[in-house]
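Novice: After the structure tokens below, expect a handful of questions from me.
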Amino acid sequence: KAEDVSYVLVTPSRIGVNKFLGLGKTGIEKAAEAQGVKARIFEGTDPSTRRQNVQAAIDMKAPIVAVMGFEFGDIVADLAPENPETKFVIVDTCIPEAPENVYCAVFREQEAAYLAGAEAALTSTSKTVGVIGALDIPFLHRYTDSFALGAKAARADVNVLPTSWIGGDNPFQDPVRAQTQAALQLSNGADRIYAVAAGSNGGVFKAVAEKEGAMAIGLDVNQCGDAPGAILDSTLKRVDVVLPATIDGILKGSAKPVVSFGLAEGGLQLLATADDVASSGCVIAGKPEVITQIKDMQAKIISGEIAIPDPMAQ
Amino acid sequence: MTAGSLDTKSRLAAILLSIAVAVVLGGCVVLSTGANPLSVYLEIVKGAFAGRGLAETLARCVPLVGMALAVAIALRAGLVNLGGDGQMLVGGLAAVLVALYLPVPGPARAALALIAAMGAGGLYAWIAAILQLGLAIPFLIASLLMSYIARGVTSYLVRYPLRDPATGMPETHRVLSSARLPNAILDLPISMGMVIMAVVAIAVIVNDRSGVNGFEWRITGLNPRFAQYSGTNLPRQTQRVAFLSGALAGLAGALLILGQQYRFTDGALLAPGYTWSGLMAAVLAMASPVATVVVSVFFAALQVGGFAMERTLGLPAVLTWVLQALIILCLAARPVLFRKRRT
Amino acid sequence: MIDMLLSQVLDLMTPVLLAAMAGALCERAGVFNIALEGKMLVGAFVAVAASIVFGSPVLAVLAAVVCTAIFALPLALGGARFGGDPIVIGIGLNLLASGLTTYLLSALFGVTGTLVDPTVTALPRFGLVALAEIPVLGAILGGHSALVYLSWLLVVAIHVYLFRTRWGLRLRGIGEVPSAAAAMGANVSRYQTSVVVVAGGLCGLAGAVLALGSVALFAENMTAGRGWIAVVAVMLGRAHPFGIALACLGFGLADAVGLRLQGQGLPNQITDIAPYAITLLAMIGLGLRGAAKKMRNA
Amino acid sequence: MTLLQMKGITKRFGSLVANDGVSLSVNGGEIHAVMGENGAGKSTLMNILYGLLKPDAGEILIDGKAMDFSSPLGAIAAGVGMVHQTFRQFPNLTVWENLVFHNEPGNGPFVSADAARDFVRHLGKKHGLEIDPDSRVRDLAVGIRQRLEILKALSRQARILVLDEPTAVLTPQERDSLFAAMRHLAAQGMALVLVTHKIPEVVAVTDRITVMRDGRLSGTLITRETSEAEIIRAMIGRNVPPTVAPKMTPTAEPMLAVRNLSVRKGDIAVVDNVSFDVRPGEIVGIAGVSGNGQPQLISAVTGLEAATGEVVVAGRDVSGLSIAQRRSAGISYVPEDRHLTGTAPAASIAENIVFGRHRGAAASKRGFLRKEAIRAQARRLIEQFRVKAASEQVPVGSLSGGNMQKVVIAREIEHGAPLIVIEEPTRGVDVGAIEFIHKTLIAERDKGRAILVVSSDLTELLALSDRILVMFEGRINAGLTGSDMNENTIGTWMMGGVQGT
Ligand SMILES: Nc1ncnc2c1ncn2[C@@H]1O[C@H](COP(=O)(O)OP(=O)(O)OP(=O)(O)O)[C@@H](O)[C@H]1O
Ligand SMILES: Nc1ncnc2c1ncn2[C@@H]1O[C@H](COP(=O)(O)OP(=O)(O)OP(=O)(O)O)[C@@H](O)[C@H]1O
Ligand SMILES: [Mg+2]
Ligand SMILES: [Mg+2]
């Protein structure tokens, strides 16, 4: 019987496009393995296939249906009330007046981005830092705006360049345009760039690798190996941990309908503060004095001493 | 009225043969991944037509048929409309604006939204026609360039002034249930969108076969000089056809928004590539409305079935693309298969 | 500042320019080539894959050219020789390219999304020594990969080919009235087929520049619409090499300026449309002038 | 000695046998006519000779050697040149590019434009067929384009030259110089095959005549020993008396009154201040060397082209009106080029006939076509005009030239408009059909219609017209009636009217 049961993860786009989605895949697989059931991943491409995939997961009586991203807000809001026996986990967004079978895991990306900004500012020799986003959607402002905030907080005289957006036909997968943007920021004096551009990040890394003294900060997973020596650090979004934990909580009946993950909960992390930073391959590993400052700042964020506004709420 | 019946038969044979070839070729690709081609095809067919699949196929037909007919009616009259994306976007935006903000009762909002969408899409295409007539900018280029502009402008509007701050996406507020198009009529899995599109398709087909306007457009497409010499007012006709083509694209956008998505989300209308699928269907059908509808339905089934197959068999998703591409290439290559008949 | 802008424009436009030249050749031969995007993508993939396998940028570029030429065969045979519809075949090829590269990426390299490998090196960049002396020009024209310079040579070469050589003349005739060309003894389908294949090779080159010109990696669908811009450039340039080069230059410039305007606080949704809006406005301007001229004459 | 021999050539298109065991032999130094009704299979036979079509049976011998042409390339190499009935030209290329195409002078891969221009000038001078090598073909008048077509064939050092209706668009002067060139070529030992419908030309220039009928060989005649009547009988199996109708000089109010009409192209007035009348019950012919503004004059009258001045139809000033409005004011129009303007070749006969009046009550009801009525009308006209067609539903483009022309004329006469404007009524049409079309036009005149005819065929103009206007450099420089209506006088006026008058 157990073999017929599957946990289903529905992604908004093809998994290859975004490391973040790959984390979700790892997460659902971990959760399924823990329960001895199968994990299925349905990749959508557009609103109607997303809805079809969620519907299909419901139809196959999956006890747990996890979905990733804002794209699913409306879909879950529509389908969850009609299917009370299916438990839904939404990553990244919550729906207002959610029915009982909907759980959401949201992240306070602004916290990690804030730390990244601080780190960039503290290590910058040119006193100029920048951030490159894939697409000007409200969600990504959590990264870009908070990065700027963190940089300014760490070092008042730092110059944060206006955010560059990749845009174009394929913003999440256009390394060439990303490289151009990065080169432009570098030529404008930046020597630290936070790459918030998913599949386009490679272009940013290439640009900093080519310029002496310039470094980038990676996104969602440890990207320091992508351009050894040119990646300062990465912000991690631990969907691979949060998702199985949430599912476990649902099964145990201990899960709360809305959980927010940040630095305190270990849902987000700047690699610099990790215990295994030494083996991370990130440049920051060789700058213990900066790590100390960052850890200090992290403690203040966790304690609430530093309050970081949510750019999306504005 | 052309002696087409015999021709239609052999054309149909050619299409069936090329699908068969594609199925065999696709089967080889599937085999190479170690999967069983028979079950792949079975799942595609089941996914497209069995259970919920049928409704989903029909739902996908709504925009696809709309966009394909938009291209077809223009093509029939000799205009190549590459601006479907833009016309669909302005149509969709107009629809959502009316549905969200016009202070009239719900159902009236939906109706007015559809009209506004057709007007907006039509006007957008009409501008491209005017650019061709007045300034000698080819319609094909003008409509394509205007598409990009519509993309940027709608994207800006839903990102900033029209944005619903409750979501993390650049998208408008959600249309109230009362202003949406019903998704099931008489408890059947038939949506209002399907009904509207069916009526439109029938109108286009009847007009093409028996209407004086359709006749005039078709002859113009065959030989504009002849049409002009026979007294057709070509500029006026170009404007009308462009308007109608754009209006159809706008309608497709509105039906997606009022019947499926309920809000205008940046990128959502264009993500499935309805414009290109539609162009492909219309060109394959040589702009004959009946054939255009048939080919569009086939594409819709193929796409829906492909996703279903992917889910049930867990095969690499891109396999569906490869299969689709092969089928399209074989369809396009049918003169190769039937080349003997040409000499 | 301006020198960096122009230097970036040259880099940015090269893949588009090469693909547009391919489109121009096909257009002249009477085969509407809408598959530039897909062919470029195949070229980019093969370039990176071959670079990993052979470890040599030269071999990588060669492999991209050859494989993309082969990939163009369906259009060459179906569209040119047997009278299939080039638009449908082109859309099919675009779809196939996108699916196939994604599929091969995971089948051959076990990755999804982006393929980065330390063995993949970018094409070497050259500083044109003689130019480096000149202050501004040196910065603009120096330090590009060989293919950037090659692409400009190709523009001239294709112009010469089309308008000065016998084969170019035949090609133009074939594209205009194939039946007349056949009646004059030209082997229409052979010309068309070979031109489409050569154009495939050019697209492969475009893809190689895109993938290896600077980023030295492959990402799914990394062409990101550049092939479509090339299609538009062919139309705008009326299949004339210099006209197309000008159109590409305009696109590149508008794009690069757009990037910079973002820095000035203009929303990127608006700067993104700059190339298209400027093109359209320019055409409207020209059209108005033409119309005014006509009025005066009438 | 026999240079070219075609033996037992058979060619089928589906069930239709276009050539049925046809044989043809032509000697070096001979000008050989191939004649036959529209659709008799002449073009098919010539296309086979030129390698454009593959015969189902039969063989081709040149110099006694069997040839197997799989493409025109082989035919060209064997010394066959062809002047096609429909131009095979590249409108957007220049004259020299068209002429040297696939046979370019120059070094290595490069074409020498200068050598090519010289070649064009030289060849033109040699054969009296001069053209500016640098003009774009699309800008040339039909007559000049025909000239290019002939030059093209001559430029390939053909030993066998096929001319498929080369004179259809030529003026008498152009025609005469072509014939002179043909005789010159024959004298050099070439074999010339002339496909034509014009019997006087055949009598004037050829040595022997091969006549075809329904795809079969109907006989070979020696020109010196035969007569016009015999040729016609071989072609269609009966006699065709020349059309003679009494000339009319009606005095009714003009149906068409043109006043000070001008058409400008850039700085040049291609139609220069032209005024004339056409009255009900008369046929007015317009003569002129091509390139003197005749087509532009007609376009200005019918509304296809913008013009200054006045056009009055049936008392109503139509100058500012659209084509459709002029049509409803009473103009019917048969254009010069039936493929390009006169029909939508891919549409059916019925569709072509009804188009333009499809909004009328006879053809439609509440926005929908009355298909049966439309077909019935088409069937009636096919019968009445003796159009050879399988049914009213076949595409017009599949008809032979003469039958296509009949469809266009039927369609325009069916309008019942009081004024018929007609360009080149019988271009490329066989004698039987010419007779029929001429009789029809005269009958329409006698019914009281006003008819304006433009034709490059003087014989035709003389046979049809009650009055002839001659155009020269955009102006009408002569209006001829009665005994002034003869080839000599007209020819003189066509050249500007200086000598001899
Ligand atoms: N490609 C084709 N397919 C089908 N039928 C054809 C084709 N070419 C010619 N025919 C038919 O063959 C017959 C002979 O045509 P052909 O053109 O040889 O006549 P023709 O003697 O040149 O006539 P015309 O005097 O009008 O030029 C006609 O009935 C024509 O319809
Ligand atoms: N698809 C087709 N089906 C049937 N007949 C065809 C087709 N295509 C061409 N033909 C025939 O081929 C013949 C040769 O064409 P050609 O260009 O010589 O015209 P034509 O009949 O001699 O007319 P014209 O004198 O007006 O040029 C035509 O008579 C036409 O009937
Ligand atoms: Mg003929
Ligand atoms: Mg003829």
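Numbering starts fresh at 1 for the residues of each chain in the structure tokens, the chains themselves are lettered A, B, ... in the order given, and ligands are numbered from 1 as they appear.
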Taking the DSSP secondary structure from the backbone, can you list the residues of stretch 114-223 of chain D that are alpha helix (DSSP H), as a JSON list (two decimals) with N, CA and C atoms, in the first residue's frame?
Specialist:
[["chain", "number", "residue", "atom", "x", "y", "z"],
["D", 114, "ASP", "N", 30.88, 45.61, -65.76],
["D", 114, "ASP", "CA", 31.15, 46.37, -66.98],
["D", 114, "ASP", "C", 31.09, 45.48, -68.21],
["D", 115, "ALA", "N", 31.72, 44.33, -68.09],
["D", 115, "ALA", "CA", 31.68, 43.40, -69.22],
["D", 115, "ALA", "C", 30.23, 43.03, -69.53],
["D", 116, "ALA", "N", 29.43, 42.83, -68.46],
["D", 116, "ALA", "CA", 28.04, 42.44, -68.67],
["D", 116, "ALA", "C", 27.26, 43.56, -69.35],
["D", 117, "ARG", "N", 27.50, 44.81, -68.92],
["D", 117, "ARG", "CA", 26.81, 45.94, -69.55],
["D", 117, "ARG", "C", 27.18, 46.05, -71.02],
["D", 118, "ASP", "N", 28.49, 45.93, -71.29],
["D", 118, "ASP", "CA", 28.94, 46.00, -72.68],
["D", 118, "ASP", "C", 28.27, 44.92, -73.51],
["D", 119, "PHE", "N", 28.18, 43.76, -72.89],
["D", 119, "PHE", "CA", 27.59, 42.63, -73.58],
["D", 119, "PHE", "C", 26.13, 42.92, -73.93],
["D", 120, "VAL", "N", 25.41, 43.51, -72.97],
["D", 120, "VAL", "CA", 24.00, 43.84, -73.22],
["D", 120, "VAL", "C", 23.90, 44.85, -74.37],
["D", 121, "ARG", "N", 24.72, 45.88, -74.30],
["D", 121, "ARG", "CA", 24.66, 46.92, -75.33],
["D", 121, "ARG", "C", 25.01, 46.34, -76.70],
["D", 122, "HIS", "N", 26.08, 45.54, -76.69],
["D", 122, "HIS", "CA", 26.54, 44.97, -77.94],
["D", 122, "HIS", "C", 25.47, 44.08, -78.56],
["D", 123, "LEU", "N", 24.95, 43.20, -77.73],
["D", 123, "LEU", "CA", 23.94, 42.26, -78.22],
["D", 123, "LEU", "C", 22.70, 43.00, -78.69],
["D", 124, "GLY", "N", 22.33, 44.02, -77.93],
["D", 124, "GLY", "CA", 21.16, 44.80, -78.29],
["D", 124, "GLY", "C", 21.34, 45.48, -79.64],
["D", 125, "LYS", "N", 22.50, 46.04, -79.81],
["D", 125, "LYS", "CA", 22.78, 46.74, -81.07],
["D", 125, "LYS", "C", 22.74, 45.76, -82.22],
["D", 126, "LYS", "N", 23.37, 44.62, -82.01],
["D", 126, "LYS", "CA", 23.50, 43.63, -83.06],
["D", 126, "LYS", "C", 22.14, 43.17, -83.57],
["D", 127, "HIS", "N", 21.19, 43.03, -82.66],
["D", 127, "HIS", "CA", 19.89, 42.51, -83.07],
["D", 127, "HIS", "C", 18.82, 43.58, -83.09],
["D", 142, "VAL", "N", 6.07, 46.34, -70.65],
["D", 142, "VAL", "CA", 5.96, 44.93, -71.07],
["D", 142, "VAL", "C", 6.75, 44.66, -72.34],
["D", 143, "GLY", "N", 6.63, 45.57, -73.30],
["D", 143, "GLY", "CA", 7.30, 45.37, -74.58],
["D", 143, "GLY", "C", 8.80, 45.25, -74.42],
["D", 144, "ILE", "N", 9.33, 46.09, -73.55],
["D", 144, "ILE", "CA", 10.77, 46.06, -73.32],
["D", 144, "ILE", "C", 11.17, 44.79, -72.60],
["D", 145, "ARG", "N", 10.30, 44.36, -71.71],
["D", 145, "ARG", "CA", 10.62, 43.12, -70.98],
["D", 145, "ARG", "C", 10.65, 41.94, -71.95],
["D", 146, "GLN", "N", 9.75, 41.99, -72.94],
["D", 146, "GLN", "CA", 9.75, 40.96, -73.96],
["D", 146, "GLN", "C", 11.07, 40.97, -74.73],
["D", 147, "ARG", "N", 11.53, 42.19, -75.02],
["D", 147, "ARG", "CA", 12.78, 42.35, -75.71],
["D", 147, "ARG", "C", 13.91, 41.67, -74.94],
["D", 148, "LEU", "N", 13.90, 41.90, -73.63],
["D", 148, "LEU", "CA", 14.92, 41.29, -72.77],
["D", 148, "LEU", "C", 14.85, 39.77, -72.86],
["D", 149, "GLU", "N", 13.65, 39.28, -72.89],
["D", 149, "GLU", "CA", 13.46, 37.83, -72.95],
["D", 149, "GLU", "C", 14.10, 37.25, -74.22],
["D", 150, "ILE", "N", 13.93, 37.96, -75.31],
["D", 150, "ILE", "CA", 14.51, 37.49, -76.56],
["D", 150, "ILE", "C", 16.03, 37.59, -76.51],
["D", 151, "LEU", "N", 16.51, 38.72, -76.00],
["D", 151, "LEU", "CA", 17.96, 38.89, -75.87],
["D", 151, "LEU", "C", 18.57, 37.78, -75.03],
["D", 152, "LYS", "N", 17.86, 37.41, -73.98],
["D", 152, "LYS", "CA", 18.38, 36.37, -73.09],
["D", 152, "LYS", "C", 18.64, 35.08, -73.85],
["D", 153, "ALA", "N", 17.67, 34.72, -74.66],
["D", 153, "ALA", "CA", 17.83, 33.48, -75.43],
["D", 153, "ALA", "C", 18.98, 33.63, -76.43],
["D", 154, "LEU", "N", 19.03, 34.81, -77.06],
["D", 154, "LEU", "CA", 20.08, 35.02, -78.06],
["D", 154, "LEU", "C", 21.47, 34.98, -77.42],
["D", 155, "SER", "N", 21.52, 35.40, -76.17],
["D", 155, "SER", "CA", 22.82, 35.51, -75.51],
["D", 155, "SER", "C", 23.43, 34.15, -75.19],
["D", 172, "PRO", "N", 4.11, 46.82, -84.01],
["D", 172, "PRO", "CA", 4.49, 46.38, -85.36],
["D", 172, "PRO", "C", 5.97, 46.64, -85.64],
["D", 173, "GLN", "N", 6.46, 47.80, -85.22],
["D", 173, "GLN", "CA", 7.87, 48.08, -85.46],
["D", 173, "GLN", "C", 8.77, 47.09, -84.74],
["D", 174, "GLU", "N", 8.44, 46.89, -83.48],
["D", 174, "GLU", "CA", 9.24, 45.94, -82.70],
["D", 174, "GLU", "C", 9.16, 44.55, -83.32],
["D", 175, "ARG", "N", 7.97, 44.22, -83.75],
["D", 175, "ARG", "CA", 7.77, 42.91, -84.36],
["D", 175, "ARG", "C", 8.61, 42.78, -85.61],
["D", 176, "ASP", "N", 8.58, 43.82, -86.44],
["D", 176, "ASP", "CA", 9.33, 43.74, -87.70],
["D", 176, "ASP", "C", 10.82, 43.60, -87.43],
["D", 177, "SER", "N", 11.31, 44.31, -86.42],
["D", 177, "SER", "CA", 12.74, 44.19, -86.18],
["D", 177, "SER", "C", 13.06, 42.82, -85.59],
["D", 178, "LEU", "N", 12.12, 42.27, -84.85],
["D", 178, "LEU", "CA", 12.32, 40.91, -84.36],
["D", 178, "LEU", "C", 12.41, 39.94, -85.53],
["D", 179, "PHE", "N", 11.49, 40.12, -86.48],
["D", 179, "PHE", "CA", 11.49, 39.20, -87.63],
["D", 179, "PHE", "C", 12.79, 39.34, -88.41],
["D", 180, "ALA", "N", 13.23, 40.56, -88.54],
["D", 180, "ALA", "CA", 14.50, 40.77, -89.25],
["D", 180, "ALA", "C", 15.61, 40.01, -88.52],
["D", 181, "ALA", "N", 15.58, 40.14, -87.20],
["D", 181, "ALA", "CA", 16.61, 39.44, -86.42],
["D", 181, "ALA", "C", 16.47, 37.94, -86.60],
["D", 182, "MET", "N", 15.24, 37.46, -86.63],
["D", 182, "MET", "CA", 15.03, 36.02, -86.78],
["D", 182, "MET", "C", 15.57, 35.53, -88.13],
["D", 183, "ARG", "N", 15.29, 36.30, -89.16],
["D", 183, "ARG", "CA", 15.78, 35.89, -90.48],
["D", 183, "ARG", "C", 17.30, 35.87, -90.51],
["D", 184, "HIS", "N", 17.86, 36.88, -89.85],
["D", 184, "HIS", "CA", 19.29, 36.98, -89.76],
["D", 184, "HIS", "C", 19.87, 35.74, -89.06],
["D", 185, "LEU", "N", 19.24, 35.35, -88.01],
["D", 185, "LEU", "CA", 19.71, 34.18, -87.25],
["D", 185, "LEU", "C", 19.57, 32.91, -88.08],
["D", 186, "ALA", "N", 18.45, 32.80, -88.77],
["D", 186, "ALA", "CA", 18.23, 31.62, -89.60],
["D", 186, "ALA", "C", 19.30, 31.55, -90.69],
["D", 187, "ALA", "N", 19.61, 32.71, -91.22],
["D", 187, "ALA", "CA", 20.61, 32.74, -92.28],
["D", 187, "ALA", "C", 21.95, 32.21, -91.76],
["D", 199, "ILE", "N", -1.64, 34.45, -87.81],
["D", 199, "ILE", "CA", -1.39, 33.84, -89.11],
["D", 199, "ILE", "C", -0.60, 34.74, -90.06],
["D", 200, "PRO", "N", -0.89, 36.04, -90.09],
["D", 200, "PRO", "CA", -0.10, 36.89, -91.00],
["D", 200, "PRO", "C", 1.40, 36.82, -90.69],
["D", 201, "GLU", "N", 1.72, 36.71, -89.43],
["D", 201, "GLU", "CA", 3.12, 36.60, -89.06],
["D", 201, "GLU", "C", 3.73, 35.32, -89.59],
["D", 202, "VAL", "N", 2.96, 34.27, -89.45],
["D", 202, "VAL", "CA", 3.44, 32.97, -89.91],
["D", 202, "VAL", "C", 3.70, 33.03, -91.40],
["D", 203, "VAL", "N", 2.77, 33.62, -92.11],
["D", 203, "VAL", "CA", 2.91, 33.73, -93.56],
["D", 203, "VAL", "C", 4.12, 34.59, -93.89],
["D", 204, "ALA", "N", 4.34, 35.62, -93.11],
["D", 204, "ALA", "CA", 5.40, 36.57, -93.43],
["D", 204, "ALA", "C", 6.78, 36.01, -93.16],
["D", 205, "VAL", "N", 6.92, 35.21, -92.12],
["D", 205, "VAL", "CA", 8.28, 34.95, -91.69],
["D", 205, "VAL", "C", 8.71, 33.48, -91.71]]
Novice: Distance limit 12 Å, atoms considered: only C-alpha atoms. Which chain C residues sit that close to chain D? Return them as a PyMOL selection string.
Specialist: chain C and resi 28+160-188+293-298
Novice: Run DSSP on the backbone and grab whatever in stretch 165-246 of chain A lands in strand (DSSP E or B); send it over as a list of chain:residue names.
Specialist: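 Restricting stretch 165-246 of chain A to strand (DSSP E or B) produces A:Trp165, A:Arg192, A:Ile193, A:Tyr194, A:Ala195, A:Val196, A:Met215, A:Ala216, A:Ile217, A:Gly218, A:Leu219, A:Asp220, A:Ile231, A:Leu232, A:Asp233, A:Ser234, A:Thr235, A:Leu236, A:Lys237.
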Novice: As a list of chain:residue names, please: every protein or nucleic acid residue near ligand 3 (cut-off 8 Å, counting only C-alpha atoms and all ligand atoms).
Specialist: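 Final answer, ordered by chain and number: D:Asn38, D:Gly39, D:Gly41, D:Lys42, D:Ser43, D:Thr44, D:Gln85, D:Asp164, D:Glu165, D:Ser400, D:Gly401, D:Gly428.
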Novice: Produce as a PyMOL selection string the set of residues near ligand 1, where near means within 10 Å with only C-alpha atoms and all ligand atoms considered.
Specialist: (chain B and resi 342-343) or (chain D and resi 11-19+34-48+53+85-86+164-165+195-197+212-215+388-389+397-405+427-431)
Novice: Please, which residues of chain A lie no more than 9 Å from chain B when the count uses only C-alpha atoms, and can they be set out as a ChimeraX atom specification?
Specialist: /A:14,40-49,52-53,56,69-71,73-74,92-95,136-140,312-314
Novice: Write out as JSON lines a residue-level contact list of stretch 159-255 of chain A versus stretch 251-268 of chain C with cut-off 9 Å: for each qualifying residue the closest pair of atoms and the distance in Å to one decimal, counting only C-alpha atoms, rows sorted by chain and residue number upward.
Specialist:
{"residue": "A:Leu161", "atom": "CA", "partner": "C:Gly263", "partner_atom": "CA", "distance": 7.6}
{"residue": "A:Pro162", "atom": "CA", "partner": "C:Gly263", "partner_atom": "CA", "distance": 5.5}
{"residue": "A:Thr163", "atom": "CA", "partner": "C:Gly263", "partner_atom": "CA", "distance": 7.2}
{"residue": "A:Ser164", "atom": "CA", "partner": "C:Gln262", "partner_atom": "CA", "distance": 6.7}
{"residue": "A:Trp165", "atom": "CA", "partner": "C:Asn268", "partner_atom": "CA", "distance": 6.5}
{"residue": "A:Ile166", "atom": "CA", "partner": "C:Asn268", "partner_atom": "CA", "distance": 8.2}
{"residue": "A:Gly167", "atom": "CA", "partner": "C:Asn268", "partner_atom": "CA", "distance": 6.9}
{"residue": "A:Thr180", "atom": "CA", "partner": "C:Ala256", "partner_atom": "CA", "distance": 8.7}
{"residue": "A:Gln181", "atom": "CA", "partner": "C:Leu259", "partner_atom": "CA", "distance": 7.1}
{"residue": "A:Leu184", "atom": "CA", "partner": "C:Arg260", "partner_atom": "CA", "distance": 8.1}
Novice: Quick check: residues of chain C within 8 Å of chain B, only C-alpha atoms, returned as a PyMOL selection string.
Specialist: chain C and resi 74+78-79+82-89+91-93+95-96+98-100+102-103+232+235-236+267+269-270+272-273+276-277+280+283-284+286-288+290-291
Novice: Which of these, C:Ala47, C:Leu115, C:Ala206, C:Val148, has the shortest distance to chain A once you count only C-alpha atoms?
Specialist: C:Leu115
Novice: Set the cut-off to 6 Å and count only C-alpha atoms: what are the residues of chain D that reach chain B? Output as a PDB file with N, CA and C atoms, in the first residue's frame.
Specialist:
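File produced: selection33.pdb:
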ATOM      1  N   ILE D 323     -12.433  52.864 -57.355  1.00  0.00           N
ATOM      2  CA  ILE D 323     -12.662  51.905 -58.431  1.00  0.00           C
ATOM      3  C   ILE D 323     -14.079  51.348 -58.354  1.00  0.00           C
ATOM      4  N   ALA D 324     -14.468  50.982 -57.139  1.00  0.00           N
ATOM      5  CA  ALA D 324     -15.795  50.386 -56.983  1.00  0.00           C
ATOM      6  C   ALA D 324     -16.885  51.367 -57.406  1.00  0.00           C
ATOM      7  N   THR D 341      -3.681  40.678 -63.014  1.00  0.00           N
ATOM      8  CA  THR D 341      -4.730  41.593 -62.581  1.00  0.00           C
ATOM      9  C   THR D 341      -6.123  41.043 -62.835  1.00  0.00           C
ATOM     10  N   GLY D 342      -6.277  40.346 -63.936  1.00  0.00           N
ATOM     11  CA  GLY D 342      -7.623  40.022 -64.395  1.00  0.00           C
ATOM     12  C   GLY D 342      -8.293  38.885 -63.663  1.00  0.00           C
ATOM     13  N   THR D 343      -7.515  38.073 -62.967  1.00  0.00           N
ATOM     14  CA  THR D 343      -8.122  36.942 -62.275  1.00  0.00           C
ATOM     15  C   THR D 343      -7.392  36.680 -60.969  1.00  0.00           C
ATOM     16  N   ALA D 344      -8.024  35.883 -60.122  1.00  0.00           N
ATOM     17  CA  ALA D 344      -7.312  35.257 -59.012  1.00  0.00           C
ATOM     18  C   ALA D 344      -7.143  33.811 -59.462  1.00  0.00           C
ATOM     19  N   SER D 348     -11.812  29.563 -58.226  1.00  0.00           N
ATOM     20  CA  SER D 348     -12.535  28.862 -59.286  1.00  0.00           C
ATOM     21  C   SER D 348     -13.081  29.840 -60.327  1.00  0.00           C
ATOM     22  N   GLY D 356     -16.639  40.893 -57.280  1.00  0.00           N
ATOM     23  CA  GLY D 356     -16.852  42.283 -57.659  1.00  0.00           C
ATOM     24  C   GLY D 356     -18.342  42.599 -57.619  1.00  0.00           C
ATOM     25  N   GLY D 367     -25.849  39.050 -46.688  1.00  0.00           N
ATOM     26  CA  GLY D 367     -24.450  38.824 -46.340  1.00  0.00           C
ATOM     27  C   GLY D 367     -23.936  37.430 -46.633  1.00  0.00           C
ATOM     28  N   PHE D 368     -24.806  36.560 -47.144  1.00  0.00           N
ATOM     29  CA  PHE D 368     -24.330  35.221 -47.469  1.00  0.00           C
ATOM     30  C   PHE D 368     -24.410  34.975 -48.962  1.00  0.00           C
ATOM     31  N   LEU D 369     -23.411  34.245 -49.454  1.00  0.00           N
ATOM     32  CA  LEU D 369     -23.367  33.991 -50.888  1.00  0.00           C
ATOM     33  C   LEU D 369     -24.468  33.019 -51.290  1.00  0.00           C
ATOM     34  N   GLN D 393     -16.059  24.873 -61.375  1.00  0.00           N
ATOM     35  CA  GLN D 393     -15.382  24.865 -60.078  1.00  0.00           C
ATOM     36  C   GLN D 393     -13.873  24.686 -60.194  1.00  0.00           C
ATOM     37  N   VAL D 394     -13.360  24.509 -61.411  1.00  0.00           N
ATOM     38  CA  VAL D 394     -11.908  24.351 -61.523  1.00  0.00           C
ATOM     39  C   VAL D 394     -11.258  25.733 -61.382  1.00  0.00           C
TER      40      VAL D 394
END
Novice: Considering only C-alpha atoms, return as a list in words whatever protein or nucleic-acid residues lie within 7 Å of B:Asp85, sequence-local ones (same chain, fewer than 2 positions apart) excluded.
Specialist: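 So, after excluding close chain neighbours, the residues are Gly83, Gln87, Met88, Leu89, Ser147, Leu270 and Thr275 of chain B.
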Novice: Mind checking which residues fall within 10 Å of A:Gln179, counting only C-alpha atoms, ignoring those fewer than 3 positions away in the same chain, and posting them as a PyMOL selection string?
Specialist: (chain A and resi 132+166+174-176+182-185+200-208) or (chain C and resi 214-215)
